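**Q** data_28.txt (compact mmCIF, C-alpha atoms) pasted underneath:
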```
# COMPACT_ATOMS: atom_id res chain seq x y z
CA MET A 1257 -95.62 195.46 -175.26
CA SER A 1258 -98.18 195.78 -178.03
CA TYR A 1259 -99.45 192.84 -180.05
CA VAL A 1260 -100.85 192.75 -183.56
CA PRO A 1261 -104.58 192.09 -183.18
CA GLU A 1262 -106.12 189.33 -185.30
CA LEU A 1263 -109.46 187.54 -185.42
CA THR A 1264 -110.00 183.87 -186.15
CA ASP A 1265 -112.55 183.04 -188.81
CA VAL A 1266 -114.91 182.03 -185.98
CA ALA A 1267 -114.49 185.40 -184.26
CA LEU A 1268 -114.92 187.16 -187.59
CA GLU A 1269 -118.23 185.37 -188.12
CA ASP A 1270 -119.23 186.26 -184.54
CA LEU A 1271 -118.42 189.90 -185.20
CA LYS A 1272 -120.40 189.95 -188.44
CA ASN A 1273 -123.39 188.43 -186.65
CA LEU A 1274 -123.11 190.94 -183.81
CA ILE A 1275 -122.87 193.87 -186.21
CA ASP A 1276 -125.75 192.56 -188.31
CA SER A 1277 -127.89 192.34 -185.18
CA LEU A 1278 -127.71 196.15 -184.84
CA PRO A 1279 -129.84 198.69 -186.65
CA SER A 1280 -127.96 199.77 -189.77
CA SER A 1281 -127.58 203.33 -188.45
CA ARG A 1282 -125.47 202.06 -185.54
CA ARG A 1283 -123.22 199.62 -187.37
CA ARG A 1284 -120.48 202.01 -188.42
CA ASP A 1285 -120.07 203.34 -184.85
CA ALA A 1286 -120.07 199.79 -183.51
CA ILE A 1287 -117.32 198.68 -185.91
CA ASP A 1288 -115.19 201.67 -184.95
CA ALA A 1289 -115.79 200.95 -181.25
CA VAL A 1290 -114.89 197.27 -181.54
CA GLU A 1291 -111.73 198.11 -183.45
CA ALA A 1292 -110.79 200.64 -180.77
CA ALA A 1293 -111.54 198.22 -177.90
CA LEU A 1294 -109.56 195.35 -179.42
CA THR A 1295 -106.67 197.66 -180.28
CA LYS A 1296 -106.66 198.81 -176.66
CA LEU A 1297 -106.59 195.18 -175.53
CA ALA A 1298 -103.72 194.42 -177.91
CA ALA A 1299 -101.76 197.25 -176.34
CA ASN A 1300 -102.45 195.95 -172.86
CA PRO A 1301 -103.61 192.30 -172.56
CA GLY A 1302 -103.34 192.74 -168.79
CA LEU A 1303 -106.82 194.26 -169.02
CA ALA A 1304 -108.17 190.74 -169.42
CA GLN A 1305 -109.52 188.52 -166.71
CA ARG A 1306 -109.56 184.73 -166.54
CA GLU A 1307 -112.95 183.14 -167.06
CA HIS A 1308 -114.60 180.64 -169.39
CA LEU A 1309 -112.50 177.61 -168.43
CA GLY A 1310 -109.60 179.81 -167.44
CA ARG A 1311 -109.23 181.53 -170.79
CA PRO A 1312 -108.25 185.21 -170.88
CA SER A 1313 -111.30 187.25 -171.71
CA TYR A 1314 -112.07 190.91 -172.05
CA ARG A 1315 -115.35 192.76 -171.74
CA PHE A 1316 -115.93 196.16 -173.22
CA GLY A 1317 -118.79 198.57 -173.59
CA PHE A 1318 -119.50 201.17 -176.23
CA ALA A 1319 -122.22 203.54 -177.32
CA ALA A 1320 -123.73 203.51 -180.79
CA GLY A 1321 -126.70 205.66 -181.73
CA GLY A 1322 -127.12 206.67 -178.11
CA VAL A 1323 -127.44 203.06 -176.94
CA THR A 1324 -124.82 201.32 -174.77
CA TYR A 1325 -123.77 197.80 -175.74
CA HIS A 1326 -121.70 195.29 -173.77
CA TRP A 1327 -119.69 192.74 -175.68
CA GLY A 1328 -116.77 190.50 -174.81
CA CYS A 1329 -114.15 188.28 -176.34
CA THR A 1330 -111.80 185.45 -175.53
CA PHE A 1331 -108.32 185.45 -176.95
CA LYS A 1332 -104.91 183.87 -176.94
CA ILE A 1333 -101.41 185.19 -177.47
CA SER A 1334 -99.54 183.59 -180.36
CA GLU A 1335 -96.60 181.35 -179.48
CA ASP A 1336 -94.10 183.85 -180.87
CA GLU A 1337 -95.77 186.51 -178.68
CA SER A 1338 -96.24 188.88 -181.58
CA ARG A 1339 -100.02 188.61 -182.08
CA ILE A 1340 -103.16 188.59 -179.98
CA VAL A 1341 -105.73 186.32 -181.58
CA ILE A 1342 -109.41 186.87 -180.77
CA THR A 1343 -111.00 183.41 -180.68
CA HIS A 1344 -114.65 184.29 -179.93
CA LEU A 1345 -116.71 187.48 -179.71
CA PHE A 1346 -120.02 187.57 -177.88
CA ARG A 1347 -122.70 189.69 -176.30
CA THR A 1348 -122.46 189.94 -172.50
CA ALA A 1349 -124.71 190.95 -169.66
CA LEU A 1350 -123.79 194.10 -167.75
CA MET B 295 -115.30 147.34 -178.08
CA PHE B 296 -117.03 147.01 -174.72
CA ALA B 297 -119.65 149.29 -173.22
CA VAL B 298 -118.67 151.37 -170.23
CA SER B 299 -121.15 153.57 -168.37
CA ARG B 300 -120.93 157.32 -168.61
CA ASN B 301 -119.98 157.64 -164.93
CA ALA B 302 -117.17 155.11 -165.29
CA GLN B 303 -115.92 156.92 -168.39
CA VAL B 304 -115.82 160.21 -166.48
CA LEU B 305 -113.83 158.68 -163.62
CA ARG B 306 -111.41 156.88 -165.93
CA TYR B 307 -110.84 160.05 -167.98
CA LEU B 308 -110.05 161.95 -164.77
CA LEU B 309 -107.75 159.14 -163.64
CA ASP B 310 -105.88 159.31 -166.93
CA ALA B 311 -105.24 162.98 -166.23
CA ASP B 312 -104.35 162.54 -162.55
CA ALA B 313 -103.25 158.97 -161.90
CA ARG B 314 -103.21 157.65 -158.33
CA VAL B 315 -105.72 160.18 -157.11
CA GLY B 316 -107.66 159.39 -153.95
CA ARG B 317 -111.36 158.63 -154.00
CA THR B 318 -112.27 161.91 -152.32
CA LYS B 319 -110.48 164.08 -154.84
CA LEU B 320 -111.71 161.99 -157.74
CA ALA B 321 -115.32 162.48 -156.62
CA LYS B 322 -114.75 166.23 -156.26
CA TYR B 323 -113.18 166.44 -159.72
CA ALA B 324 -116.31 164.86 -161.16
CA TYR B 325 -118.54 167.26 -159.21
CA LEU B 326 -116.59 170.34 -160.35
CA ALA B 327 -116.61 169.14 -163.95
CA ASP B 328 -120.37 168.66 -163.83
CA LEU B 329 -120.74 172.11 -162.32
CA GLU B 330 -118.75 173.70 -165.17
CA ALA B 331 -120.64 171.62 -167.71
CA TRP B 332 -123.97 172.84 -166.34
CA LYS B 333 -122.67 176.38 -166.55
CA TYR B 334 -121.49 176.26 -170.15
CA LEU B 335 -123.29 173.36 -171.78
CA GLY B 336 -126.53 173.38 -169.84
CA ARG B 337 -126.13 169.73 -168.87
CA PRO B 338 -123.81 167.58 -166.75
CA ILE B 339 -121.16 165.27 -168.16
CA SER B 340 -121.77 162.41 -165.75
CA GLU B 341 -125.01 160.88 -164.50
CA PHE B 342 -124.14 161.35 -160.83
CA ARG B 343 -126.89 162.84 -158.67
CA TYR B 344 -125.04 164.78 -155.99
CA ILE B 345 -126.26 164.80 -152.42
CA PHE B 346 -124.91 167.01 -149.63
CA ASP B 347 -123.12 164.08 -148.03
CA ARG B 348 -120.95 163.93 -144.91
CA HIS B 349 -117.91 164.76 -147.05
CA GLY B 350 -119.55 167.20 -149.45
CA PRO B 351 -121.29 166.58 -152.75
CA PHE B 352 -121.37 162.87 -153.45
CA ASP B 353 -123.46 160.17 -155.07
CA ALA B 354 -122.09 157.25 -153.09
CA THR B 355 -124.07 154.47 -154.76
CA ALA B 356 -123.29 155.57 -158.31
CA PHE B 357 -119.69 156.47 -157.52
CA PHE B 358 -118.84 153.11 -155.97
CA ALA B 359 -120.71 151.33 -158.77
CA ALA B 360 -118.56 153.19 -161.30
CA THR B 361 -115.28 152.47 -159.52
CA GLU B 362 -116.28 148.81 -159.23
CA GLU B 363 -117.17 148.77 -162.93
CA LEU B 364 -113.74 150.18 -163.80
CA GLN B 365 -112.00 147.52 -161.76
CA GLN B 366 -114.17 144.71 -163.13
CA ALA B 367 -113.41 145.88 -166.68
CA GLY B 368 -109.68 146.01 -166.00
CA LEU B 369 -109.63 149.77 -166.50
CA ALA B 370 -108.48 150.78 -163.01
CA THR B 371 -107.05 149.33 -159.84
CA GLU B 372 -107.57 150.45 -156.28
CA SER B 373 -105.07 150.34 -153.45
CA GLN B 374 -105.10 151.43 -149.84
CA VAL B 375 -102.45 153.77 -148.52
CA ALA B 376 -102.12 154.48 -144.80
CA ILE B 377 -101.64 158.17 -144.05
CA GLY B 378 -101.20 158.25 -140.28
CA SER B 379 -104.38 156.83 -138.80
CA TYR B 380 -106.26 157.49 -142.03
CA VAL B 381 -106.49 155.04 -144.92
CA GLU B 382 -106.62 156.65 -148.36
CA HIS B 383 -108.14 154.68 -151.22
CA LYS B 384 -106.12 155.42 -154.33
CA LEU B 385 -107.32 154.64 -157.81
CA GLU B 386 -104.99 154.15 -160.72
CA PRO B 387 -105.76 153.65 -164.43
CA THR B 388 -104.49 150.48 -166.07
CA SER B 389 -102.88 150.44 -169.52
CA ARG B 390 -106.10 149.13 -171.07
CA ALA B 391 -107.35 151.68 -173.60
CA LEU B 392 -110.86 153.09 -173.44
CA GLU B 393 -112.66 154.95 -176.20
CA TYR B 394 -114.60 157.85 -174.71
CA ASP B 395 -117.80 159.19 -176.16
CA PHE B 396 -117.38 162.74 -174.83
CA SER B 397 -117.89 165.76 -177.03
CA VAL B 398 -114.88 168.04 -177.51
CA ALA B 399 -116.42 170.56 -175.10
CA GLU B 400 -117.00 167.89 -172.43
CA ALA B 401 -113.41 166.68 -172.73
CA ARG B 402 -112.09 170.23 -172.43
CA VAL B 403 -114.17 170.79 -169.29
CA LEU B 404 -112.71 167.64 -167.71
CA ASP B 405 -109.19 168.68 -168.75
CA TYR B 406 -109.72 172.14 -167.30
CA VAL B 407 -110.84 170.84 -163.92
CA VAL B 408 -107.86 168.52 -163.50
CA LYS B 409 -105.38 171.11 -164.76
CA THR B 410 -106.78 173.73 -162.41
CA TYR B 411 -106.90 171.61 -159.26
CA LEU B 412 -104.09 169.11 -159.85
CA SER B 413 -101.81 170.67 -157.25
CA THR B 414 -104.59 171.23 -154.70
CA ASN B 415 -104.88 168.56 -152.02
CA ALA B 416 -108.20 166.93 -151.26
CA ARG B 417 -108.83 168.86 -148.07
CA GLU B 418 -108.11 172.25 -149.67
CA LEU B 419 -110.18 171.31 -152.67
CA CYS B 420 -113.14 170.53 -150.41
CA GLU B 421 -112.82 173.45 -148.02
CA GLU B 422 -111.64 176.20 -150.34
CA ILE B 423 -113.45 175.31 -153.54
CA VAL B 424 -116.15 172.64 -153.39
CA TYR B 425 -117.92 173.72 -150.19
CA LYS B 426 -118.05 177.27 -151.52
CA THR B 427 -119.77 176.39 -154.78
CA GLU B 428 -123.27 177.71 -155.24
CA PRO B 429 -125.19 174.41 -155.03
CA MET B 430 -123.40 173.51 -151.78
CA LEU B 431 -124.00 176.93 -150.23
CA LYS B 432 -127.70 176.66 -151.01
CA ALA B 433 -128.15 173.06 -149.86
CA LYS B 434 -128.65 171.42 -146.49
CA PRO B 435 -127.07 168.12 -145.38
CA GLY B 436 -128.77 165.15 -146.97
CA MET B 437 -130.36 167.23 -149.71
CA LEU B 438 -129.99 166.66 -153.42
CA LEU B 439 -127.92 169.50 -154.86
CA ALA B 440 -129.67 171.81 -157.33
CA MET B 441 -127.00 171.53 -160.01
CA SER B 442 -129.31 172.78 -162.76
CA GLN B 443 -129.37 176.20 -161.08
CA MET B 444 -125.86 176.60 -162.44
CA ASN B 445 -127.20 176.57 -165.98
CA ARG B 446 -125.94 179.84 -167.40
CA LYS B 447 -125.98 178.72 -170.99
CA PRO B 448 -127.39 181.76 -172.70
CA GLY B 449 -130.58 181.59 -174.64
CA ASP B 450 -128.96 184.46 -176.53
CA ARG B 451 -127.54 183.04 -179.75
CA LEU B 452 -124.99 185.85 -179.75
CA GLY B 453 -123.89 185.22 -176.16
CA PHE B 454 -120.84 183.29 -175.02
CA SER B 455 -120.64 179.78 -176.45
CA LEU B 456 -118.09 177.26 -175.24
CA ASP B 457 -118.35 175.38 -178.52
CA ARG B 458 -117.60 178.52 -180.51
CA MET B 459 -114.70 179.48 -178.26
CA LEU B 460 -113.18 176.03 -178.76
CA ALA B 461 -113.81 176.24 -182.51
CA GLY B 462 -112.07 179.62 -182.46
CA GLU B 463 -109.08 178.11 -180.69
CA ASP B 464 -108.90 175.40 -183.33
CA SER B 465 -109.00 178.10 -186.02
CA ALA B 466 -106.16 179.92 -184.31
CA GLU B 467 -104.13 176.71 -184.22
CA ALA B 468 -104.82 176.14 -187.91
CA GLY B 469 -103.78 179.70 -188.76
CA ARG B 470 -107.23 180.74 -189.98
CA VAL B 471 -106.86 184.33 -188.81
CA HIS B 472 -107.44 187.82 -190.20
CA PRO B 473 -105.82 191.12 -189.20
CA LEU B 474 -108.22 193.31 -187.21
CA ARG B 475 -107.51 196.32 -189.40
CA SER B 476 -108.59 194.60 -192.62
CA VAL B 477 -111.63 193.05 -190.90
CA ALA B 478 -112.75 196.47 -189.66
CA ASP B 479 -112.17 198.05 -193.09
CA GLU B 480 -114.18 195.29 -194.77
CA LEU B 481 -117.05 195.66 -192.31
CA ARG B 482 -117.09 199.44 -192.67
CA THR B 483 -117.37 199.02 -196.43
CA ARG B 484 -120.27 196.62 -195.92
CA ALA B 485 -121.94 199.00 -193.49
CA HIS B 486 -122.19 201.78 -196.09
```
In C-alpha cells, write the structure found in this file.
**A**
Amino acid sequence: MSYVPELTDVALEDLKNLIDSLPSSRRRDAIDAVEAALTKLAANPGLAQREHLGRPSYRFGFAAGGVTYHWGCTFKISEDESRIVITHLFRTAL
Amino acid sequence: MFAVSRNAQVLRYLLDADARVGRTKLAKYAYLADLEAWKYLGRPISEFRYIFDRHGPFDATAFFAATEELQQAGLATESQVAIGSYVEHKLEPTSRALEYDFSVAEARVLDYVVKTYLSTNARELCEEIVYKTEPMLKAKPGMLLAMSQMNRKPGDRLGFSLDRMLAGEDSAEAGRVHPLRSVADELRTRAH
C-alpha cells in the first residue's frame, strides 16, 4: 500500500535548513534525492525502524556532487491511513 | 500550590501512568527515563544519583525520601502485598492533583518509558532491560553510574532533536502539512 507523502511545517523548515547547508551546486541533486527517498518510504513504510522514543524513523543516504550524505526522518501514518507525514528531518551519523 | 521536589514529581508522574506499581519497578522506570533523557536532552529528568546497588541502579536515600515526601503530602499511599515469602511494597497515587513542572519533552520521555514497559514485570525489566543498559554494563557494584556517558544530544544543529520531532508531531496533529511534491518543486525553484 502506498501513502501520499507529506511534510509538516517543522519538517519543511528542517529540509530547507539541510538543503541550505549544502554548497549551491549540490542542492538540486539533494532535493531530487530526498524526494526519491521519501517517495520510496511512502511506498513501503516497512523500511522504517523504531527509534527515538519508539517512533518510526527512516535513514537514507544519497550522493550529491560526488559527496555522500546521510539524513533521516521520523514520521507518522495519518489516522485514515492515506498519508505518511514526515515530522522531522535531520542529519545522521553513518 | 505546594512545592514538591523534582524526584517526588517524577515518581508521582510515573505512578499516575502505572498505578499500584511496586517500588522496584518504579525505581527502574525512573532510571530508564533518566537514561532516555540523557540520550535526547543531554540531562536527566530527576535528581537521583544512581549507584550500582544490590538490585541494580538505585539511589536509595533519595528514592525513599521522595516516596516519603509523596506520602506526607498526601500524593501517594504505600501498601504491602505478600507474594509468597516475598513482601512487595506497592505505591498508589491519591486523587490529590499535582502540577508538574516538566517540559513537554520530559513528559513524553516519562510517558514513553511507562508505555513501553507497562506489561513487563519487575524481574524481566531488571534482567532483560535495566542490567543490559550501557551505564550498568560499564559499572561495578557500589559504583556511581556514569549516566552522562549516555549523552548523545548532537552538537550538530541539524541533527536529530527530540524537541523538533515533538513539534513536528504537534504540527501533524494540527494539520500543518505540505505535500512532498509541491515542497520539492518549490525547493527546486529556489535552488536555481
**Q** Need to verify the contact set: segment 1317-1333 of chain A, 6 Å, only C-alpha atoms, exclusion of same-chain residues closer than 4 positions in sequence. Can you return it as a list in words?
**A** Arg1282, Asp1285, Ala1286, Pro1312, Ser1313, Glu1337, Arg1339, Ile1340, Val1341, Ile1342, Thr1343, His1344, Leu1345, Phe1346, Arg1347 and Thr1348 of chain A
**Q** In Å, how far is it from atom CA of Leu460 of chain B to atom CA of Gln303 of chain B?
**A**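 We find that atom CA of Leu460 of chain B and atom CA of Gln303 of chain B lie 21.9 Å from each other.
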**Q** Tell me, in Å to one decimal, how far atom CA of Ser1334 of chain A is from atom CA of Val471 of chain B.
**A** 11.2 Å
**Q** For chain A, report every residue with an atom at most 8 Å from chain B (counting only C-alpha atoms), formatted as a ChimeraX atom specification.
**A** /A:1260-1268,1270,1272-1274,1280,1283-1284,1287-1288,1291,1308-1310,1330,1341-1348
**Q** Please list as number ranges by chain every residue within 10 Å of Val375 of chain B, counting only C-alpha atoms and excluding residues in the same chain fewer than 4 positions away.
**A** B: 316, 380-384
**Q** Provide the atom CA of Val298 of chain B to atom CA of Leu320 of chain B distance in Å, to one decimal place.
**A**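 The value is 17.8 Å.
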**Q** Show me, as a compact mmCIF listing (two decimals) with C-alpha atoms, keeping the file's coordinate frame, the residues that have an atom within 12 Å of Ala367 of chain B when counting all atoms listed in the file, minus same-chain residues fewer than 6 positions from it.
**A**
```txt
# COMPACT_ATOMS: atom_id res chain seq x y z
CA MET B 295 -115.30 147.34 -178.08
CA PHE B 296 -117.03 147.01 -174.72
CA ALA B 297 -119.65 149.29 -173.22
CA VAL B 298 -118.67 151.37 -170.23
CA SER B 299 -121.15 153.57 -168.37
CA ALA B 302 -117.17 155.11 -165.29
CA GLN B 303 -115.92 156.92 -168.39
CA ARG B 306 -111.41 156.88 -165.93
CA ALA B 360 -118.56 153.19 -161.30
CA THR B 361 -115.28 152.47 -159.52
CA PRO B 387 -105.76 153.65 -164.43
CA THR B 388 -104.49 150.48 -166.07
CA SER B 389 -102.88 150.44 -169.52
CA ARG B 390 -106.10 149.13 -171.07
CA ALA B 391 -107.35 151.68 -173.60
CA LEU B 392 -110.86 153.09 -173.44
```
